[in-house]
Amino acid sequence: MSLSDTATPSAGGLPGAQPSRTPSPSAVTKDLIAKAGATRRRNAAKWKLRIGAVCTLIVIIPILFAQVLPLPDANHQDLSARRLAPLVDGHLFGTDQLGRDLLSRVLHGGQVSLTIGILAVVVSGAIGILLGAAAGYFGGWVDTVVSRLLEAQMSLPLLMMLLLVVALFGPSIPVITFVIAIAQWPEVARLTRSMVLVEREKPYVAAARILGLHRIQILIQHIIPNVIKQATLVVLLLLAQAVLLESALSFLGAGPQRPFATWGRIISDGQDYITTSWWMVTLPGLVIVLMVVGVNLLGDGLRDRPRRKNKDA
């Protein structure tokens, strides 16, 4: 048999095999996958910011303008109009057991609750940032003292500690504000300390030392401004917790005393009528929920929002 009768091997090396083909590159690349993940996170952060802003503004704007809105006096009693249902006789939220307009009491009570909450987070944020920054930057005995204080306070039952302090010093607005601030500063201090521990090892801190700047000057002028933004997000999230703590104290009778109307006291006054007049508890509770959810979504959205890169990068 001649060589011409023999089957010629194919390009693949085996008789009858198909020629090998180079696989075409996939249209889905790693860069596209990364961009898709970043896009999802960016869109989720946007929706959190929008929903959180809407929920928060729905509560805050009426509270801010409660004095100018055409509402009855929050403390005006009309026994002939007791426990009216919502939307009856012009009462949007109905009335309570003494005939007082519930919407007016919720809005005016929100002014007290939000004032205490905002003042508390401002004080707790200032204390936490200063002590946490000092502990992280100076270290040594300063870090030891601050850390032991953090551990000691966080080991105590929060609500029991608040009730004890309020029982000793009285349920006034300054006392409650200071108590909530003292209860919340450890969370800010822990975060600030961890961020300062990272910042103090960066080259700009060493350069500032070489230039002869004092340690306190470096801490105040250079390190704290670089960590203040992230610490502020934690302070914003603590606002919801402060409002809940104030409402819990008022519900238990340890909040601001009468004639101040607070969210917790409004719910406490209506709990005996929950089976017959559901709106006296449900509607103020929904306002608190809307406020807390809105603030938390705002904080989460600001935290998850992608940072803008430098154009020169």
# chains A, B, ... in the order shown; residues from 1 in each chain; ligands from 1

$ residues_around --residues "segment 156-167 of chain A" --least-positions-apart "3" --cutoff "7 Å" --atoms "only C-alpha atoms" --output "list of chain:residue names"
A:Ala152, A:Gln153, A:Gly170, A:Pro171, A:Val175, A:Ile176, A:Val179, A:Ala183, A:Ala254

$ closest_residue --among "A:Leu283, A:Val196, A:Val112, A:Leu49" --to "Leu298 of chain A" --atoms "only C-alpha atoms"
A:Leu49

$ residues_around --residues "segment 288-296 of chain A" --least-positions-apart "4" --cutoff "12 Å" --atoms "only C-alpha atoms" --output "PDB file with N, CA, C and O atoms, in the first residue's frame"
ATOM      1  N   TRP A  47     -30.802  54.470  47.571  1.00  0.00           N
ATOM      2  CA  TRP A  47     -32.171  54.205  48.016  1.00  0.00           C
ATOM      3  C   TRP A  47     -32.281  54.345  49.537  1.00  0.00           C
ATOM      4  O   TRP A  47     -33.313  54.811  50.044  1.00  0.00           O
ATOM      5  N   LYS A  48     -31.259  53.927  50.265  1.00  0.00           N
ATOM      6  CA  LYS A  48     -31.282  54.102  51.717  1.00  0.00           C
ATOM      7  C   LYS A  48     -31.329  55.581  52.085  1.00  0.00           C
ATOM      8  O   LYS A  48     -32.081  55.982  52.988  1.00  0.00           O
ATOM      9  N   LEU A  49     -30.527  56.375  51.382  1.00  0.00           N
ATOM     10  CA  LEU A  49     -30.526  57.810  51.664  1.00  0.00           C
ATOM     11  C   LEU A  49     -31.889  58.432  51.351  1.00  0.00           C
ATOM     12  O   LEU A  49     -32.401  59.246  52.135  1.00  0.00           O
ATOM     13  N   ARG A  50     -32.477  58.059  50.218  1.00  0.00           N
ATOM     14  CA  ARG A  50     -33.755  58.650  49.839  1.00  0.00           C
ATOM     15  C   ARG A  50     -34.873  58.240  50.798  1.00  0.00           C
ATOM     16  O   ARG A  50     -35.627  59.090  51.297  1.00  0.00           O
ATOM     17  N   ILE A  51     -34.967  56.939  51.064  1.00  0.00           N
ATOM     18  CA  ILE A  51     -36.033  56.471  51.958  1.00  0.00           C
ATOM     19  C   ILE A  51     -35.817  57.004  53.369  1.00  0.00           C
ATOM     20  O   ILE A  51     -36.768  57.430  54.042  1.00  0.00           O
ATOM     21  N   GLY A  52     -34.558  56.996  53.831  1.00  0.00           N
ATOM     22  CA  GLY A  52     -34.279  57.524  55.161  1.00  0.00           C
ATOM     23  C   GLY A  52     -34.587  59.000  55.276  1.00  0.00           C
ATOM     24  O   GLY A  52     -35.137  59.449  56.288  1.00  0.00           O
ATOM     25  N   ALA A  53     -34.247  59.760  54.241  1.00  0.00           N
ATOM     26  CA  ALA A  53     -34.545  61.196  54.273  1.00  0.00           C
ATOM     27  C   ALA A  53     -36.047  61.452  54.285  1.00  0.00           C
ATOM     28  O   ALA A  53     -36.540  62.318  55.023  1.00  0.00           O
ATOM     29  N   VAL A  54     -36.800  60.690  53.491  1.00  0.00           N
ATOM     30  CA  VAL A  54     -38.251  60.874  53.448  1.00  0.00           C
ATOM     31  C   VAL A  54     -38.871  60.537  54.803  1.00  0.00           C
ATOM     32  O   VAL A  54     -39.689  61.302  55.350  1.00  0.00           O
ATOM     33  N   CYS A  55     -38.487  59.397  55.377  1.00  0.00           N
ATOM     34  CA  CYS A  55     -39.050  58.999  56.670  1.00  0.00           C
ATOM     35  C   CYS A  55     -38.703  60.006  57.761  1.00  0.00           C
ATOM     36  O   CYS A  55     -39.557  60.358  58.594  1.00  0.00           O
ATOM     37  N   THR A  56     -37.462  60.476  57.761  1.00  0.00           N
ATOM     38  CA  THR A  56     -37.042  61.418  58.799  1.00  0.00           C
ATOM     39  C   THR A  56     -37.737  62.760  58.634  1.00  0.00           C
ATOM     40  O   THR A  56     -38.199  63.363  59.616  1.00  0.00           O
ATOM     41  N   LEU A  57     -37.824  63.251  57.403  1.00  0.00           N
ATOM     42  CA  LEU A  57     -38.449  64.557  57.178  1.00  0.00           C
ATOM     43  C   LEU A  57     -39.943  64.533  57.462  1.00  0.00           C
ATOM     44  O   LEU A  57     -40.507  65.537  57.911  1.00  0.00           O
ATOM     45  N   ILE A  58     -40.593  63.393  57.199  1.00  0.00           N
ATOM     46  CA  ILE A  58     -42.020  63.293  57.491  1.00  0.00           C
ATOM     47  C   ILE A  58     -42.284  63.521  58.976  1.00  0.00           C
ATOM     48  O   ILE A  58     -43.309  64.089  59.373  1.00  0.00           O
ATOM     49  N   VAL A  59     -41.344  63.117  59.803  1.00  0.00           N
ATOM     50  CA  VAL A  59     -41.510  63.288  61.251  1.00  0.00           C
ATOM     51  C   VAL A  59     -40.982  64.643  61.715  1.00  0.00           C
ATOM     52  O   VAL A  59     -41.637  65.341  62.506  1.00  0.00           O
ATOM     53  N   ILE A  60     -39.813  65.041  61.226  1.00  0.00           N
ATOM     54  CA  ILE A  60     -39.148  66.221  61.773  1.00  0.00           C
ATOM     55  C   ILE A  60     -39.827  67.522  61.348  1.00  0.00           C
ATOM     56  O   ILE A  60     -39.995  68.442  62.161  1.00  0.00           O
ATOM     57  N   ILE A  61     -40.217  67.630  60.072  1.00  0.00           N
ATOM     58  CA  ILE A  61     -40.792  68.895  59.590  1.00  0.00           C
ATOM     59  C   ILE A  61     -42.063  69.285  60.353  1.00  0.00           C
ATOM     60  O   ILE A  61     -42.184  70.426  60.820  1.00  0.00           O
ATOM     61  N   ILE A  63     -42.830  68.467  63.348  1.00  0.00           N
ATOM     62  CA  ILE A  63     -42.416  68.777  64.718  1.00  0.00           C
ATOM     63  C   ILE A  63     -41.820  70.178  64.788  1.00  0.00           C
ATOM     64  O   ILE A  63     -42.100  70.944  65.727  1.00  0.00           O
ATOM     65  N   VAL A 106     -48.451  64.553  70.094  1.00  0.00           N
ATOM     66  CA  VAL A 106     -47.325  63.830  69.480  1.00  0.00           C
ATOM     67  C   VAL A 106     -46.285  64.803  68.935  1.00  0.00           C
ATOM     68  O   VAL A 106     -45.073  64.618  69.119  1.00  0.00           O
ATOM     69  N   LEU A 107     -46.742  65.877  68.275  1.00  0.00           N
ATOM     70  CA  LEU A 107     -45.795  66.827  67.692  1.00  0.00           C
ATOM     71  C   LEU A 107     -45.080  67.623  68.778  1.00  0.00           C
ATOM     72  O   LEU A 107     -43.855  67.819  68.708  1.00  0.00           O
ATOM     73  N   GLY A 109     -44.741  66.687  71.894  1.00  0.00           N
ATOM     74  CA  GLY A 109     -43.892  65.729  72.601  1.00  0.00           C
ATOM     75  C   GLY A 109     -42.635  65.384  71.818  1.00  0.00           C
ATOM     76  O   GLY A 109     -41.571  65.138  72.399  1.00  0.00           O
ATOM     77  N   GLY A 110     -42.744  65.398  70.483  1.00  0.00           N
ATOM     78  CA  GLY A 110     -41.561  65.161  69.659  1.00  0.00           C
ATOM     79  C   GLY A 110     -40.518  66.242  69.814  1.00  0.00           C
ATOM     80  O   GLY A 110     -39.314  65.977  69.715  1.00  0.00           O
ATOM     81  N   SER A 113     -38.653  65.214  72.976  1.00  0.00           N
ATOM     82  CA  SER A 113     -37.871  63.998  72.763  1.00  0.00           C
ATOM     83  C   SER A 113     -36.679  64.251  71.842  1.00  0.00           C
ATOM     84  O   SER A 113     -35.558  63.800  72.108  1.00  0.00           O
ATOM     85  N   LEU A 114     -36.905  64.980  70.742  1.00  0.00           N
ATOM     86  CA  LEU A 114     -35.817  65.253  69.812  1.00  0.00           C
ATOM     87  C   LEU A 114     -34.786  66.207  70.411  1.00  0.00           C
ATOM     88  O   LEU A 114     -33.585  66.070  70.159  1.00  0.00           O
ATOM     89  N   GLY A 117     -32.702  64.091  72.613  1.00  0.00           N
ATOM     90  CA  GLY A 117     -31.876  63.192  71.821  1.00  0.00           C
ATOM     91  C   GLY A 117     -30.728  63.899  71.120  1.00  0.00           C
ATOM     92  O   GLY A 117     -29.585  63.411  71.131  1.00  0.00           O
ATOM     93  N   LEU A 233     -20.890  59.794  61.610  1.00  0.00           N
ATOM     94  CA  LEU A 233     -21.898  58.835  61.177  1.00  0.00           C
ATOM     95  C   LEU A 233     -22.382  57.987  62.346  1.00  0.00           C
ATOM     96  O   LEU A 233     -23.579  57.693  62.462  1.00  0.00           O
ATOM     97  N   VAL A 234     -21.474  57.602  63.223  1.00  0.00           N
ATOM     98  CA  VAL A 234     -21.878  56.838  64.409  1.00  0.00           C
ATOM     99  C   VAL A 234     -22.741  57.695  65.317  1.00  0.00           C
ATOM    100  O   VAL A 234     -23.736  57.222  65.891  1.00  0.00           O
ATOM    101  N   VAL A 235     -22.389  58.965  65.458  1.00  0.00           N
ATOM    102  CA  VAL A 235     -23.187  59.873  66.281  1.00  0.00           C
ATOM    103  C   VAL A 235     -24.597  60.004  65.703  1.00  0.00           C
ATOM    104  O   VAL A 235     -25.593  60.053  66.451  1.00  0.00           O
ATOM    105  N   LEU A 236     -24.717  60.043  64.375  1.00  0.00           N
ATOM    106  CA  LEU A 236     -26.038  60.121  63.753  1.00  0.00           C
ATOM    107  C   LEU A 236     -26.861  58.878  64.062  1.00  0.00           C
ATOM    108  O   LEU A 236     -28.062  58.974  64.374  1.00  0.00           O
ATOM    109  N   LEU A 237     -26.231  57.707  64.007  1.00  0.00           N
ATOM    110  CA  LEU A 237     -26.948  56.483  64.339  1.00  0.00           C
ATOM    111  C   LEU A 237     -27.351  56.447  65.806  1.00  0.00           C
ATOM    112  O   LEU A 237     -28.373  55.843  66.165  1.00  0.00           O
ATOM    113  N   LEU A 238     -26.564  57.092  66.670  1.00  0.00           N
ATOM    114  CA  LEU A 238     -26.896  57.123  68.094  1.00  0.00           C
ATOM    115  C   LEU A 238     -28.115  58.001  68.388  1.00  0.00           C
ATOM    116  O   LEU A 238     -28.709  57.888  69.469  1.00  0.00           O
ATOM    117  N   LEU A 239     -28.483  58.879  67.437  1.00  0.00           N
ATOM    118  CA  LEU A 239     -29.662  59.714  67.649  1.00  0.00           C
ATOM    119  C   LEU A 239     -30.913  58.862  67.801  1.00  0.00           C
ATOM    120  O   LEU A 239     -31.764  59.130  68.667  1.00  0.00           O
ATOM    121  N   ALA A 240     -31.034  57.831  66.974  1.00  0.00           N
ATOM    122  CA  ALA A 240     -32.190  56.940  67.087  1.00  0.00           C
ATOM    123  C   ALA A 240     -32.186  56.230  68.435  1.00  0.00           C
ATOM    124  O   ALA A 240     -33.239  56.091  69.084  1.00  0.00           O
ATOM    125  N   GLN A 241     -31.018  55.794  68.881  1.00  0.00           N
ATOM    126  CA  GLN A 241     -30.938  55.134  70.179  1.00  0.00           C
ATOM    127  C   GLN A 241     -31.276  56.099  71.312  1.00  0.00           C
ATOM    128  O   GLN A 241     -31.951  55.712  72.286  1.00  0.00           O
ATOM    129  N   ALA A 242     -30.846  57.347  71.197  1.00  0.00           N
ATOM    130  CA  ALA A 242     -31.145  58.329  72.239  1.00  0.00           C
ATOM    131  C   ALA A 242     -32.643  58.590  72.335  1.00  0.00           C
ATOM    132  O   ALA A 242     -33.201  58.705  73.437  1.00  0.00           O
ATOM    133  N   VAL A 243     -33.313  58.679  71.193  1.00  0.00           N
ATOM    134  CA  VAL A 243     -34.764  58.882  71.202  1.00  0.00           C
ATOM    135  C   VAL A 243     -35.465  57.686  71.844  1.00  0.00           C
ATOM    136  O   VAL A 243     -36.416  57.842  72.638  1.00  0.00           O
ATOM    137  N   LEU A 244     -34.994  56.481  71.535  1.00  0.00           N
ATOM    138  CA  LEU A 244     -35.597  55.290  72.136  1.00  0.00           C
ATOM    139  C   LEU A 244     -35.349  55.239  73.641  1.00  0.00           C
ATOM    140  O   LEU A 244     -36.246  54.850  74.411  1.00  0.00           O
ATOM    141  N   LEU A 245     -34.156  55.623  74.083  1.00  0.00           N
ATOM    142  CA  LEU A 245     -33.867  55.631  75.514  1.00  0.00           C
ATOM    143  C   LEU A 245     -34.741  56.641  76.257  1.00  0.00           C
ATOM    144  O   LEU A 245     -35.268  56.352  77.335  1.00  0.00           O
ATOM    145  N   GLU A 246     -34.892  57.824  75.677  1.00  0.00           N
ATOM    146  CA  GLU A 246     -35.742  58.829  76.313  1.00  0.00           C
ATOM    147  C   GLU A 246     -37.193  58.349  76.354  1.00  0.00           C
ATOM    148  O   GLU A 246     -37.887  58.544  77.368  1.00  0.00           O
ATOM    149  N   SER A 247     -37.655  57.715  75.290  1.00  0.00           N
ATOM    150  CA  SER A 247     -39.022  57.204  75.276  1.00  0.00           C
ATOM    151  C   SER A 247     -39.205  56.096  76.307  1.00  0.00           C
ATOM    152  O   SER A 247     -40.259  56.011  76.962  1.00  0.00           O
ATOM    153  N   ALA A 248     -38.179  55.244  76.450  1.00  0.00           N
ATOM    154  CA  ALA A 248     -38.265  54.175  77.450  1.00  0.00           C
ATOM    155  C   ALA A 248     -38.320  54.748  78.862  1.00  0.00           C
ATOM    156  O   ALA A 248     -39.100  54.288  79.706  1.00  0.00           O
ATOM    157  N   THR A 262     -44.118  63.806  76.271  1.00  0.00           N
ATOM    158  CA  THR A 262     -43.087  63.083  75.532  1.00  0.00           C
ATOM    159  C   THR A 262     -43.716  61.844  74.909  1.00  0.00           C
ATOM    160  O   THR A 262     -44.789  61.384  75.325  1.00  0.00           O
ATOM    161  N   TRP A 263     -43.032  61.292  73.908  1.00  0.00           N
ATOM    162  CA  TRP A 263     -43.570  60.127  73.209  1.00  0.00           C
ATOM    163  C   TRP A 263     -43.783  58.947  74.151  1.00  0.00           C
ATOM    164  O   TRP A 263     -44.788  58.250  74.073  1.00  0.00           O
ATOM    165  N   GLY A 264     -42.826  58.717  75.036  1.00  0.00           N
ATOM    166  CA  GLY A 264     -42.964  57.595  75.955  1.00  0.00           C
ATOM    167  C   GLY A 264     -44.143  57.757  76.900  1.00  0.00           C
ATOM    168  O   GLY A 264     -44.864  56.793  77.178  1.00  0.00           O
ATOM    169  N   ILE A 266     -46.886  59.539  76.346  1.00  0.00           N
ATOM    170  CA  ILE A 266     -48.131  59.422  75.581  1.00  0.00           C
ATOM    171  C   ILE A 266     -48.522  57.951  75.426  1.00  0.00           C
ATOM    172  O   ILE A 266     -49.690  57.581  75.604  1.00  0.00           O
ATOM    173  N   ILE A 267     -47.537  57.108  75.112  1.00  0.00           N
ATOM    174  CA  ILE A 267     -47.815  55.665  74.985  1.00  0.00           C
ATOM    175  C   ILE A 267     -48.177  55.069  76.337  1.00  0.00           C
ATOM    176  O   ILE A 267     -49.075  54.224  76.452  1.00  0.00           O
ATOM    177  N   VAL A 281     -52.023  54.361  71.334  1.00  0.00           N
ATOM    178  CA  VAL A 281     -50.706  53.726  71.452  1.00  0.00           C
ATOM    179  C   VAL A 281     -50.085  53.496  70.089  1.00  0.00           C
ATOM    180  O   VAL A 281     -48.883  53.715  69.896  1.00  0.00           O
ATOM    181  N   THR A 282     -50.896  53.075  69.139  1.00  0.00           N
ATOM    182  CA  THR A 282     -50.364  52.675  67.833  1.00  0.00           C
ATOM    183  C   THR A 282     -49.792  53.851  67.059  1.00  0.00           C
ATOM    184  O   THR A 282     -48.679  53.777  66.521  1.00  0.00           O
ATOM    185  N   LEU A 283     -50.513  54.956  66.981  1.00  0.00           N
ATOM    186  CA  LEU A 283     -50.057  56.086  66.171  1.00  0.00           C
ATOM    187  C   LEU A 283     -48.787  56.742  66.732  1.00  0.00           C
ATOM    188  O   LEU A 283     -47.846  56.998  65.976  1.00  0.00           O
ATOM    189  N   PRO A 284     -48.687  57.024  68.038  1.00  0.00           N
ATOM    190  CA  PRO A 284     -47.398  57.523  68.549  1.00  0.00           C
ATOM    191  C   PRO A 284     -46.266  56.510  68.362  1.00  0.00           C
ATOM    192  O   PRO A 284     -45.126  56.902  68.071  1.00  0.00           O
ATOM    193  N   ASP A 300     -26.897  54.437  57.513  1.00  0.00           N
ATOM    194  CA  ASP A 300     -26.382  53.342  56.690  1.00  0.00           C
ATOM    195  C   ASP A 300     -26.071  53.814  55.269  1.00  0.00           C
ATOM    196  O   ASP A 300     -25.072  53.395  54.661  1.00  0.00           O
ATOM    197  N   GLY A 301     -26.927  54.666  54.720  1.00  0.00           N
ATOM    198  CA  GLY A 301     -26.678  55.163  53.370  1.00  0.00           C
ATOM    199  C   GLY A 301     -25.431  56.022  53.284  1.00  0.00           C
ATOM    200  O   GLY A 301     -24.654  55.907  52.327  1.00  0.00           O
ATOM    201  N   LEU A 302     -25.229  56.884  54.274  1.00  0.00           N
ATOM    202  CA  LEU A 302     -24.016  57.700  54.288  1.00  0.00           C
ATOM    203  C   LEU A 302     -22.771  56.852  54.488  1.00  0.00           C
ATOM    204  O   LEU A 302     -21.708  57.138  53.925  1.00  0.00           O
ATOM    205  N   ARG A 303     -22.888  55.795  55.283  1.00  0.00           N
ATOM    206  CA  ARG A 303     -21.743  54.919  55.504  1.00  0.00           C
ATOM    207  C   ARG A 303     -21.402  54.121  54.256  1.00  0.00           C
ATOM    208  O   ARG A 303     -20.226  53.924  53.925  1.00  0.00           O
TER     209      ARG A 303
END

$ residues_around --residues "segment 91-103 of chain A" --least-positions-apart "6" --cutoff "8 Å" --atoms "only C-alpha atoms" --output "ChimeraX atom specification"
/A:72-85,270,279-280,283

$ write_last_selection --atoms "all heavy atoms" --output "short mmCIF file (atom, residue, chain, number, x, y, z; two decimals), in the first residue's frame"
data_model
loop_
_atom_site.label_atom_id
_atom_site.label_comp_id
_atom_site.auth_asym_id
_atom_site.auth_seq_id
_atom_site.Cartn_x
_atom_site.Cartn_y
_atom_site.Cartn_z
N PRO A 72 -54.88 72.30 67.98
CA PRO A 72 -55.31 72.68 69.32
C PRO A 72 -54.13 72.64 70.30
O PRO A 72 -53.09 72.05 70.02
CB PRO A 72 -56.37 71.63 69.67
CG PRO A 72 -56.75 71.01 68.36
CD PRO A 72 -55.55 71.10 67.48
N ASP A 73 -54.34 73.26 71.45
CA ASP A 73 -53.34 73.22 72.50
C ASP A 73 -53.13 71.77 72.94
O ASP A 73 -54.10 71.02 73.14
CB ASP A 73 -53.79 74.07 73.69
CG ASP A 73 -52.71 74.17 74.76
OD1 ASP A 73 -51.60 73.66 74.54
OD2 ASP A 73 -52.99 74.76 75.82
N ALA A 74 -51.87 71.39 73.08
CA ALA A 74 -51.56 70.00 73.43
C ALA A 74 -52.08 69.62 74.80
O ALA A 74 -52.31 68.43 75.07
CB ALA A 74 -50.04 69.77 73.35
N ASN A 75 -52.26 70.58 75.70
CA ASN A 75 -52.71 70.29 77.06
C ASN A 75 -54.17 70.66 77.31
O ASN A 75 -54.64 70.56 78.44
CB ASN A 75 -51.83 71.03 78.07
CG ASN A 75 -50.38 70.57 78.02
OD1 ASN A 75 -50.11 69.37 77.92
ND2 ASN A 75 -49.45 71.51 78.07
N HIS A 76 -54.88 71.11 76.26
CA HIS A 76 -56.28 71.49 76.42
C HIS A 76 -57.15 70.23 76.53
O HIS A 76 -57.11 69.35 75.67
CB HIS A 76 -56.75 72.33 75.23
CG HIS A 76 -58.21 72.67 75.28
ND1 HIS A 76 -58.74 73.53 76.22
CD2 HIS A 76 -59.26 72.24 74.51
CE1 HIS A 76 -60.03 73.65 76.03
NE2 HIS A 76 -60.38 72.87 75.00
N GLN A 77 -57.94 70.16 77.60
CA GLN A 77 -58.78 69.01 77.87
C GLN A 77 -60.23 69.31 77.51
O GLN A 77 -60.75 70.38 77.83
CB GLN A 77 -58.69 68.60 79.34
CG GLN A 77 -57.28 68.24 79.80
CD GLN A 77 -57.22 67.86 81.26
OE1 GLN A 77 -58.26 67.67 81.90
NE2 GLN A 77 -56.02 67.73 81.79
N ASP A 78 -60.86 68.33 76.86
CA ASP A 78 -62.28 68.43 76.51
C ASP A 78 -62.90 67.06 76.79
O ASP A 78 -62.85 66.14 75.98
CB ASP A 78 -62.44 68.81 75.04
CG ASP A 78 -63.91 69.03 74.65
OD1 ASP A 78 -64.77 68.97 75.55
OD2 ASP A 78 -64.17 69.26 73.46
N LEU A 79 -63.47 66.93 78.00
CA LEU A 79 -63.98 65.62 78.42
C LEU A 79 -65.14 65.15 77.57
O LEU A 79 -65.45 63.94 77.54
CB LEU A 79 -64.39 65.69 79.90
CG LEU A 79 -63.26 66.01 80.88
CD1 LEU A 79 -63.79 66.03 82.31
CD2 LEU A 79 -62.12 65.02 80.74
N SER A 80 -65.79 66.06 76.88
CA SER A 80 -66.90 65.65 76.00
C SER A 80 -66.39 65.01 74.70
O SER A 80 -67.19 64.44 73.95
CB SER A 80 -67.79 66.84 75.67
OG SER A 80 -67.05 67.84 74.95
N ALA A 81 -65.10 65.15 74.43
CA ALA A 81 -64.52 64.60 73.20
C ALA A 81 -63.45 63.57 73.53
O ALA A 81 -62.42 63.48 72.86
CB ALA A 81 -63.94 65.72 72.34
N ARG A 82 -63.69 62.79 74.55
CA ARG A 82 -62.71 61.79 74.96
C ARG A 82 -62.66 60.61 74.00
O ARG A 82 -63.69 60.15 73.51
CB ARG A 82 -63.03 61.27 76.37
CG ARG A 82 -62.84 62.29 77.48
CD ARG A 82 -63.15 61.68 78.83
NE ARG A 82 -64.55 61.24 78.88
CZ ARG A 82 -65.06 60.53 79.89
NH1 ARG A 82 -64.27 60.18 80.90
NH2 ARG A 82 -66.32 60.17 79.87
N ARG A 83 -61.46 60.16 73.71
CA ARG A 83 -61.19 58.95 72.92
C ARG A 83 -61.94 58.93 71.60
O ARG A 83 -62.54 57.93 71.22
CB ARG A 83 -61.49 57.71 73.74
CG ARG A 83 -60.57 57.51 74.92
CD ARG A 83 -60.73 56.16 75.54
NE ARG A 83 -62.01 56.01 76.22
CZ ARG A 83 -62.55 54.86 76.59
NH1 ARG A 83 -61.91 53.75 76.30
NH2 ARG A 83 -63.69 54.82 77.22
N LEU A 84 -61.86 60.06 70.91
CA LEU A 84 -62.42 60.09 69.56
C LEU A 84 -61.47 59.38 68.60
O LEU A 84 -60.25 59.49 68.70
CB LEU A 84 -62.62 61.55 69.10
CG LEU A 84 -63.69 62.35 69.84
CD1 LEU A 84 -63.74 63.77 69.28
CD2 LEU A 84 -65.06 61.67 69.74
N ALA A 85 -62.04 58.67 67.66
CA ALA A 85 -61.23 57.94 66.69
C ALA A 85 -60.55 58.91 65.73
O ALA A 85 -60.95 60.07 65.61
CB ALA A 85 -62.12 56.96 65.93
N GLY A 270 -51.74 55.79 77.25
CA GLY A 270 -52.75 55.11 76.45
C GLY A 270 -52.73 53.60 76.53
O GLY A 270 -53.58 52.95 75.91
N TRP A 279 -55.61 53.68 68.70
CA TRP A 279 -54.82 54.78 68.14
C TRP A 279 -53.99 55.51 69.19
O TRP A 279 -52.99 56.13 68.87
CB TRP A 279 -55.74 55.78 67.44
CG TRP A 279 -56.82 56.34 68.33
CD1 TRP A 279 -56.75 57.45 69.12
CD2 TRP A 279 -58.12 55.80 68.53
NE1 TRP A 279 -57.92 57.65 69.80
CE2 TRP A 279 -58.79 56.65 69.45
CE3 TRP A 279 -58.80 54.70 68.01
CZ2 TRP A 279 -60.09 56.41 69.87
CZ3 TRP A 279 -60.10 54.47 68.42
CH2 TRP A 279 -60.74 55.32 69.34
N MET A 280 -54.36 55.44 70.44
CA MET A 280 -53.64 56.15 71.49
C MET A 280 -52.24 55.60 71.70
O MET A 280 -51.36 56.30 72.20
CB MET A 280 -54.44 56.11 72.80
CG MET A 280 -55.77 56.84 72.72
SD MET A 280 -56.80 56.62 74.19
CE MET A 280 -55.70 57.23 75.45
N LEU A 283 -50.51 54.96 66.98
CA LEU A 283 -50.06 56.09 66.17
C LEU A 283 -48.79 56.74 66.73
O LEU A 283 -47.85 57.00 65.98
CB LEU A 283 -51.19 57.11 66.01
CG LEU A 283 -52.42 56.61 65.24
CD1 LEU A 283 -53.45 57.70 65.12
CD2 LEU A 283 -52.01 56.10 63.86
#
